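One file, run.txt, is given below (compact mmCIF, C-alpha atoms).
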```
# COMPACT_ATOMS: atom_id res chain seq x y z
CA MET J 1 -74.10 -87.38 193.59
CA ASP J 2 -77.87 -87.42 192.97
CA SER J 3 -80.45 -86.37 195.54
CA ALA J 4 -81.30 -89.95 196.56
CA ALA J 5 -77.63 -90.74 197.20
CA SER J 6 -77.32 -87.48 199.07
CA GLU J 7 -80.15 -88.45 201.41
CA LYS J 8 -78.58 -91.86 202.07
CA SER J 9 -75.20 -90.30 202.81
CA ILE J 10 -76.73 -87.85 205.27
CA ILE J 11 -78.40 -90.74 207.09
CA ALA J 12 -75.05 -92.57 207.10
CA LEU J 13 -73.49 -89.49 208.70
CA ASP J 14 -76.22 -89.54 211.36
CA ASP J 15 -75.23 -93.09 212.29
CA TRP J 16 -71.51 -92.25 212.27
CA LEU J 17 -72.06 -89.33 214.64
CA GLN J 18 -73.23 -91.78 217.30
CA THR J 19 -69.82 -93.49 217.34
CA PRO J 20 -67.01 -92.41 219.73
CA ALA J 21 -65.29 -90.53 216.90
CA GLY J 22 -68.60 -88.83 216.05
CA ALA J 23 -69.05 -87.78 219.66
CA TYR J 24 -65.51 -86.38 219.61
CA VAL J 25 -66.34 -84.27 216.54
CA ARG J 26 -69.69 -83.12 217.94
CA ALA J 27 -68.09 -81.95 221.19
CA TRP J 28 -65.45 -79.88 219.40
CA GLU J 29 -67.91 -78.36 216.94
CA GLN J 30 -70.43 -77.51 219.67
CA ALA J 31 -67.78 -75.66 221.68
CA CYS J 32 -66.50 -73.77 218.63
CA LEU J 33 -70.01 -72.84 217.45
CA ASP J 34 -70.96 -71.58 220.89
CA GLU J 35 -67.93 -69.28 220.85
CA LEU J 36 -68.62 -67.98 217.34
CA THR J 37 -72.39 -67.45 217.48
CA ALA J 38 -72.42 -65.74 220.86
CA ASP J 39 -71.00 -62.54 219.31
CA ILE J 40 -73.11 -62.50 216.11
CA PHE J 41 -76.06 -60.15 216.40
CA GLY J 42 -79.23 -59.85 214.35
CA TYR J 43 -82.82 -61.07 214.29
CA ASN J 44 -83.12 -64.25 212.17
CA ALA J 45 -80.84 -67.30 212.27
CA VAL J 46 -81.21 -70.74 210.68
CA GLN J 47 -79.30 -73.97 211.20
CA ILE J 48 -79.48 -76.25 208.16
CA GLY J 49 -78.91 -79.95 208.80
CA LEU J 50 -77.25 -81.99 211.55
CA PRO J 51 -79.69 -81.48 214.46
CA GLN J 52 -77.39 -83.61 216.64
CA ILE J 53 -75.61 -80.30 217.25
CA ASP J 54 -77.46 -77.25 218.56
CA ALA J 55 -75.44 -74.76 216.51
CA LEU J 56 -77.55 -71.80 217.71
CA ALA J 57 -77.56 -72.65 221.41
CA ALA J 58 -75.40 -69.65 222.35
CA SER J 59 -76.93 -67.25 219.81
CA ARG J 60 -78.86 -64.33 221.26
CA MET J 61 -80.98 -63.72 218.18
CA PRO J 62 -84.75 -63.68 218.90
CA ASN J 63 -85.73 -65.89 215.94
CA LYS J 64 -83.87 -69.21 215.55
CA TRP J 65 -84.93 -72.19 213.44
CA GLN J 66 -83.67 -75.72 212.87
CA ALA J 67 -84.09 -77.01 209.30
CA ALA J 68 -83.63 -80.50 207.87
CA THR J 69 -84.34 -82.40 204.68
CA ARG J 70 -87.77 -83.81 203.96
CA THR J 71 -86.66 -87.42 203.67
CA SER J 72 -84.59 -87.66 206.81
CA SER J 73 -86.45 -85.18 209.00
CA ARG J 74 -88.32 -87.83 211.00
CA GLU J 75 -85.13 -89.63 211.94
CA GLN J 76 -83.32 -86.40 212.68
CA VAL J 77 -86.04 -85.20 215.05
CA ALA J 78 -85.36 -88.17 217.33
CA LEU J 79 -81.60 -87.58 217.15
CA GLY J 80 -81.72 -83.82 217.57
CA ALA J 81 -79.83 -82.19 220.39
CA GLY J 82 -82.18 -81.90 223.34
CA LYS J 83 -84.96 -83.57 221.29
CA ARG J 84 -85.54 -80.30 219.43
CA GLN J 85 -88.35 -80.17 216.91
CA ILE J 86 -87.46 -79.61 213.26
CA ALA J 87 -89.08 -76.27 212.41
CA VAL J 88 -88.57 -76.33 208.64
CA ALA J 89 -88.39 -79.30 206.25
CA LEU J 90 -86.62 -78.18 203.10
CA ASP J 91 -84.52 -79.01 200.09
CA PHE J 92 -80.99 -77.70 200.57
CA ALA J 93 -80.89 -76.45 196.97
CA GLU J 94 -84.18 -74.51 197.25
CA LEU J 95 -84.39 -72.66 200.55
CA PRO J 96 -87.92 -71.48 201.42
CA PHE J 97 -86.81 -68.07 202.68
CA ALA J 98 -87.19 -64.63 201.15
CA SER J 99 -84.14 -63.02 199.60
CA GLN J 100 -82.04 -61.02 202.05
CA SER J 101 -84.06 -62.15 205.07
CA LEU J 102 -81.55 -63.99 207.29
CA ASP J 103 -78.75 -62.61 209.45
CA LEU J 104 -77.02 -65.94 210.11
CA VAL J 105 -76.94 -69.36 208.46
CA VAL J 106 -75.06 -72.32 209.96
CA MET J 107 -74.40 -75.40 207.81
CA PRO J 108 -72.62 -78.24 209.63
CA HIS J 109 -71.52 -80.94 207.15
CA VAL J 110 -74.10 -80.03 204.51
CA LEU J 111 -72.06 -79.15 201.43
CA GLU J 112 -69.96 -82.33 201.43
CA PHE J 113 -73.11 -84.50 201.42
CA ALA J 114 -75.27 -82.30 199.17
CA ALA J 115 -76.15 -83.33 195.61
CA GLU J 116 -75.46 -79.79 194.35
CA PRO J 117 -73.14 -77.96 196.77
CA HIS J 118 -72.70 -74.94 194.46
CA GLN J 119 -76.46 -74.46 194.24
CA VAL J 120 -76.76 -74.72 198.02
CA LEU J 121 -74.19 -71.96 198.44
CA ARG J 122 -75.94 -69.77 195.87
CA GLU J 123 -79.21 -70.16 197.79
CA VAL J 124 -77.51 -69.25 201.06
CA GLU J 125 -76.00 -66.14 199.47
CA ARG J 126 -79.46 -65.18 198.20
CA VAL J 127 -81.22 -65.40 201.58
CA LEU J 128 -78.47 -63.63 203.56
CA ILE J 129 -78.79 -59.90 204.14
CA ALA J 130 -75.90 -57.58 203.30
CA GLU J 131 -73.17 -58.25 205.87
CA GLY J 132 -75.04 -61.44 206.84
CA GLN J 133 -72.87 -64.26 208.17
CA LEU J 134 -72.37 -67.90 207.27
CA ILE J 135 -70.68 -70.69 209.24
CA ILE J 136 -69.71 -73.94 207.52
CA CYS J 137 -68.39 -77.12 209.15
CA GLY J 138 -66.61 -79.81 207.15
CA PHE J 139 -64.16 -82.69 207.25
CA ASN J 140 -60.61 -81.77 206.27
CA PRO J 141 -59.16 -84.09 203.58
CA ALA J 142 -55.65 -82.80 204.45
CA SER J 143 -55.56 -84.59 207.81
CA LEU J 144 -54.87 -87.99 209.33
CA TRP J 145 -58.56 -88.77 209.00
CA GLY J 146 -58.53 -87.76 205.35
CA LEU J 147 -55.48 -89.95 204.74
CA ARG J 148 -57.18 -92.87 206.48
CA GLN J 149 -60.28 -92.36 204.38
CA GLY J 150 -58.17 -92.31 201.22
CA LEU J 151 -56.92 -95.81 202.05
CA THR J 152 -60.44 -97.21 201.99
CA ARG J 153 -59.85 -98.99 198.69
CA VAL J 154 -56.98 -100.88 200.26
CA THR J 155 -58.40 -101.51 203.73
CA ARG J 156 -62.03 -101.83 202.56
CA SER J 157 -63.00 -100.40 205.93
CA PRO J 158 -63.95 -96.71 205.63
CA TYR J 159 -63.49 -94.53 208.67
CA LEU J 160 -65.91 -91.78 207.55
CA PRO J 161 -69.13 -92.12 205.49
CA VAL J 162 -68.10 -93.20 202.00
CA ALA J 163 -70.61 -91.09 200.06
CA GLY J 164 -69.27 -87.77 201.32
CA GLU J 165 -67.18 -85.62 198.98
CA PHE J 166 -64.88 -83.82 201.37
CA ILE J 167 -63.90 -80.28 200.39
CA SER J 168 -60.51 -78.81 201.23
CA MET J 169 -60.22 -75.44 202.91
CA PRO J 170 -58.61 -73.64 199.90
CA ARG J 171 -61.32 -75.00 197.62
CA MET J 172 -64.04 -73.89 200.01
CA LYS J 173 -62.56 -70.38 200.18
CA ASP J 174 -62.55 -70.19 196.38
CA TRP J 175 -66.24 -71.13 196.23
CA LEU J 176 -67.10 -68.51 198.83
CA LYS J 177 -65.03 -65.83 197.09
CA LEU J 178 -66.94 -66.33 193.84
CA LEU J 179 -70.17 -65.49 195.69
CA ASN J 180 -68.72 -62.42 197.47
CA LEU J 181 -68.66 -64.29 200.76
CA GLY J 182 -65.44 -63.15 202.37
CA VAL J 183 -63.86 -65.51 204.90
CA SER J 184 -63.51 -63.77 208.24
CA ARG J 185 -62.05 -66.59 210.35
CA SER J 186 -61.27 -70.28 210.04
CA HIS J 187 -60.75 -72.89 212.75
CA PHE J 188 -59.35 -76.43 212.79
CA GLY J 189 -59.82 -79.12 215.43
CA CYS J 190 -59.85 -82.86 216.26
CA TYR J 191 -56.15 -83.70 215.89
CA ALA J 192 -56.33 -87.22 217.38
CA PRO J 193 -55.57 -90.13 215.02
CA PRO J 194 -58.53 -91.97 213.43
CA CYS J 195 -59.35 -94.29 216.34
CA ARG J 196 -62.65 -96.12 216.77
CA ALA J 197 -62.54 -96.75 220.53
CA ALA J 198 -63.35 -93.98 222.98
CA GLN J 199 -60.47 -94.92 225.29
CA TRP J 200 -57.92 -94.39 222.51
CA ILE J 201 -59.41 -91.05 221.56
CA GLU J 202 -59.11 -89.98 225.19
CA ARG J 203 -55.49 -91.13 225.34
CA TYR J 204 -54.66 -88.86 222.42
CA ALA J 205 -56.26 -85.83 224.06
CA PHE J 206 -52.80 -84.28 224.45
CA MET J 207 -52.64 -83.87 220.65
CA GLU J 208 -55.35 -81.23 220.68
CA PRO J 209 -53.26 -78.36 222.14
CA ALA J 210 -50.16 -79.66 220.37
CA GLY J 211 -51.94 -79.71 217.03
CA ARG J 212 -53.27 -76.18 217.43
CA ARG J 213 -49.72 -74.99 218.01
CA TRP J 214 -47.53 -77.07 215.70
CA TRP J 215 -49.72 -78.27 212.80
CA PRO J 216 -52.86 -76.11 212.98
CA TYR J 217 -54.10 -76.77 209.43
CA LEU J 218 -54.11 -80.57 209.75
CA GLY J 219 -57.11 -80.95 212.05
CA ALA J 220 -59.71 -83.53 211.02
CA VAL J 221 -62.50 -80.94 211.05
CA TYR J 222 -62.59 -77.29 210.06
CA MET J 223 -65.00 -74.42 210.51
CA VAL J 224 -65.26 -71.42 208.16
CA HIS J 225 -66.84 -68.12 209.17
CA ALA J 226 -67.76 -65.95 206.17
CA ILE J 227 -69.53 -62.59 205.70
CA LYS J 228 -71.61 -61.54 202.70
CA ARG J 229 -69.98 -58.52 201.09
CA VAL J 230 -71.99 -56.26 198.80
CA LYS J 231 -69.98 -54.36 196.20
CA GLY J 232 -70.52 -50.63 196.14
CA MET J 233 -72.09 -50.51 199.60
CA THR J 234 -70.59 -47.94 201.97
CA MET J 235 -71.33 -47.91 205.68
CA ILE J 236 -72.65 -44.45 206.62
CA GLY J 237 -71.69 -43.17 210.03
CA PRO J 238 -73.59 -40.70 212.22
CA ALA J 239 -73.99 -37.16 210.95
CA TRP J 240 -72.02 -35.14 213.45
CA ASN J 241 -72.98 -31.49 213.93
CA ARG J 242 -70.22 -29.27 212.73
CA LYS J 243 -69.83 -25.58 213.31
CA SER J 244 -70.48 -23.52 210.23
CA ALA J 245 -67.43 -21.94 208.73
CA THR J 246 -66.86 -18.27 209.56
CA ALA J 247 -67.13 -15.71 206.79
CA PRO J 248 -63.89 -15.53 204.83
CA GLN J 249 -61.81 -12.37 205.22
CA ALA J 250 -60.46 -10.53 202.22
CA VAL J 251 -56.76 -10.92 201.66
CA PRO J 252 -54.95 -8.45 199.40
CA ALA J 253 -53.33 -10.00 196.36
CA THR J 254 -50.27 -7.75 196.62
CA ASN J 255 -48.94 -5.42 199.28
CA ARG J 256 -48.88 -1.76 198.37
CA LYS J 257 -45.70 0.18 199.06
```
How does this structure look as structure tokens?
Amino acid sequence: MDSAASEKSIIALDDWLQTPAGAYVRAWEQACLDELTADIFGYNAVQIGLPQIDALAASRMPNKWQAATRTSSREQVALGAGKRQIAVALDFAELPFASQSLDLVVMPHVLEFAAEPHQVLREVERVLIAEGQLIICGFNPASLWGLRQGLTRVTRSPYLPVAGEFISMPRMKDWLKLLNLGVSRSHFGCYAPPCRAAQWIERYAFMEPAGRRWWPYLGAVYMVHAIKRVKGMTMIGPAWNRKSATAPQAVPATNRK
């Protein structure tokens, strides 16, 4: 996928997110992101892409920025959650941040629509500090939605944006492992069948708790929470004051008779 096709696919995703199914996904991801980011501490956090979701709304970090691509930034500003202004216009493959300068990066549905997903991940690893954290949202190909999308050639009516290259959870974990980004937690959601009408999505609301219990890995959307691990780094604890050892007493080697 070249950069021009990537831009078009991102815009197609923007339009899809305004549908009832898109609203269903946005609601689940917003709730999950609020729960995850509330307990992540630091100073600098960046959300890359998808301003329809305020991924850092619950974050308590003092410095938070919303970033988008250059081409689609004007359209995304109007669609942003709460009409938020895009703070940084960037190329996903060349992040304009200093190395080891960010505590948290959130990327909702960026890798599956990026021209060079591996390069995007390498850039994120570069800008994260040691023990910095990354949250990725993506569509799960191993789901009812993924199956429906796979039948596009037969039905000629895609359910999700066609240009996206959806990445499975095991594949995503392998990519992160190669960059020393250890997966801390993963979440799945949106278990309703691929319906287009809001009333049908609401009717299948009972499948959400059932899916979490009986088929947890088959949700239409997943979220991966990873931490940047630095080899050879050891966390140093506080230097506790210890009492100096008493002078050793002489002990005879043998007992005299």
For atom CA of Val162 of chain J and atom CA of Arg148 of chain J, the interatomic separation in Å (one decimal): 11.8 Å
Contact residues around Ser143 of chain J with all atoms listed in the file at 8 Å, ignoring same-chain residues under 3 positions, as a PyMOL selection string: chain J and resi 140+146-147+218-220
Would you give me, as a Markdown table, each residue of segment 94-128 of chain J having an atom within 10 Å of an atom of segment 43-67 of chain J, along with its shortest atom pair and that distance in Å to one decimal, using all atoms listed in the file and sorting by chain and residue number?
```
| residue | atom | partner | partner_atom | distance |
| --- | --- | --- | --- | --- |
| J:Leu95 | CA | J:Ile48 | CA | 9.7 |
| J:Ser101 | CA | J:Asn44 | CA | 7.5 |
| J:Leu102 | CA | J:Asn44 | CA | 5.1 |
| J:Asp103 | CA | J:Asn44 | CA | 5.4 |
| J:Leu104 | CA | J:Ala45 | CA | 4.6 |
| J:Val105 | CA | J:Val46 | CA | 5.0 |
| J:Val106 | CA | J:Gln47 | CA | 4.7 |
| J:Met107 | CA | J:Ile48 | CA | 5.2 |
| J:Pro108 | CA | J:Leu50 | CA | 6.3 |
| J:His109 | CA | J:Leu50 | CA | 7.3 |
| J:Val110 | CA | J:Gly49 | CA | 6.4 |
| J:Leu128 | CA | J:Ala45 | CA | 9.7 |
```
Gap from atom CA of Pro170 of chain J to atom CA of Gln100 of chain J - Å, one decimal: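 It comes out at 26.7 Å.
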Spatial neighbours of Glu123 of chain J, 9 Å, all atoms listed in the file, chain gap at least 4 places, as a list of chain:residue names: J:Phe92, J:Ala93, J:Glu94, J:Leu95, J:Ser99, J:His118, J:Gln119, J:Val127, J:Leu128
Exercise: Tyr204 of chain J partners within 8 Å, all atoms listed in the file, chain neighbours under 3 positions left out, as a PyMOL selection string: chain J and resi 192-193+200-201+207-208
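Between atom CA of Ala130 of chain J and atom CA of Leu33 of chain J the interatomic distance comes to 21.6 Å.
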Among the residues J:Arg122, J:Ala31, J:Ile129, J:Asp15, the one that comes closest to Val230 of chain J [using only C-alpha atoms]: J:Ile129
Taking (-68.3, -86.7, 216.2) in the file's own coordinates, collect the residues within 10 Å, counting only C-alpha atoms, and hand them back as a CSV table (one decimal) with C-alpha atoms, in the coordinates of the input.
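Result saved to result_1.csv:
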```
chain,number,residue,atom,x,y,z
J,13,LEU,CA,-73.5,-89.5,208.7
J,14,ASP,CA,-76.2,-89.5,211.4
J,16,TRP,CA,-71.5,-92.2,212.3
J,17,LEU,CA,-72.1,-89.3,214.6
J,18,GLN,CA,-73.2,-91.8,217.3
J,19,THR,CA,-69.8,-93.5,217.3
J,20,PRO,CA,-67.0,-92.4,219.7
J,21,ALA,CA,-65.3,-90.5,216.9
J,22,GLY,CA,-68.6,-88.8,216.0
J,23,ALA,CA,-69.0,-87.8,219.7
J,24,TYR,CA,-65.5,-86.4,219.6
J,25,VAL,CA,-66.3,-84.3,216.5
J,26,ARG,CA,-69.7,-83.1,217.9
J,27,ALA,CA,-68.1,-82.0,221.2
J,28,TRP,CA,-65.4,-79.9,219.4
J,29,GLU,CA,-67.9,-78.4,216.9
J,52,GLN,CA,-77.4,-83.6,216.6
J,53,ILE,CA,-75.6,-80.3,217.2
J,190,CYS,CA,-59.8,-82.9,216.3
J,221,VAL,CA,-62.5,-80.9,211.0
```
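Of the residues under consideration (J:Gly211, J:Gly189, J:Pro161, J:Pro194), J:Gly189 shows the shortest atom-to-atom contact distance to Cys32 of chain J when counting all atoms listed in the file.
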Non-local contacts of segment 176-184 of chain J (8 Å; only C-alpha atoms; under 3 positions in same chain excluded) as number ranges by chain: J: 121-122, 125, 172-173, 224-230
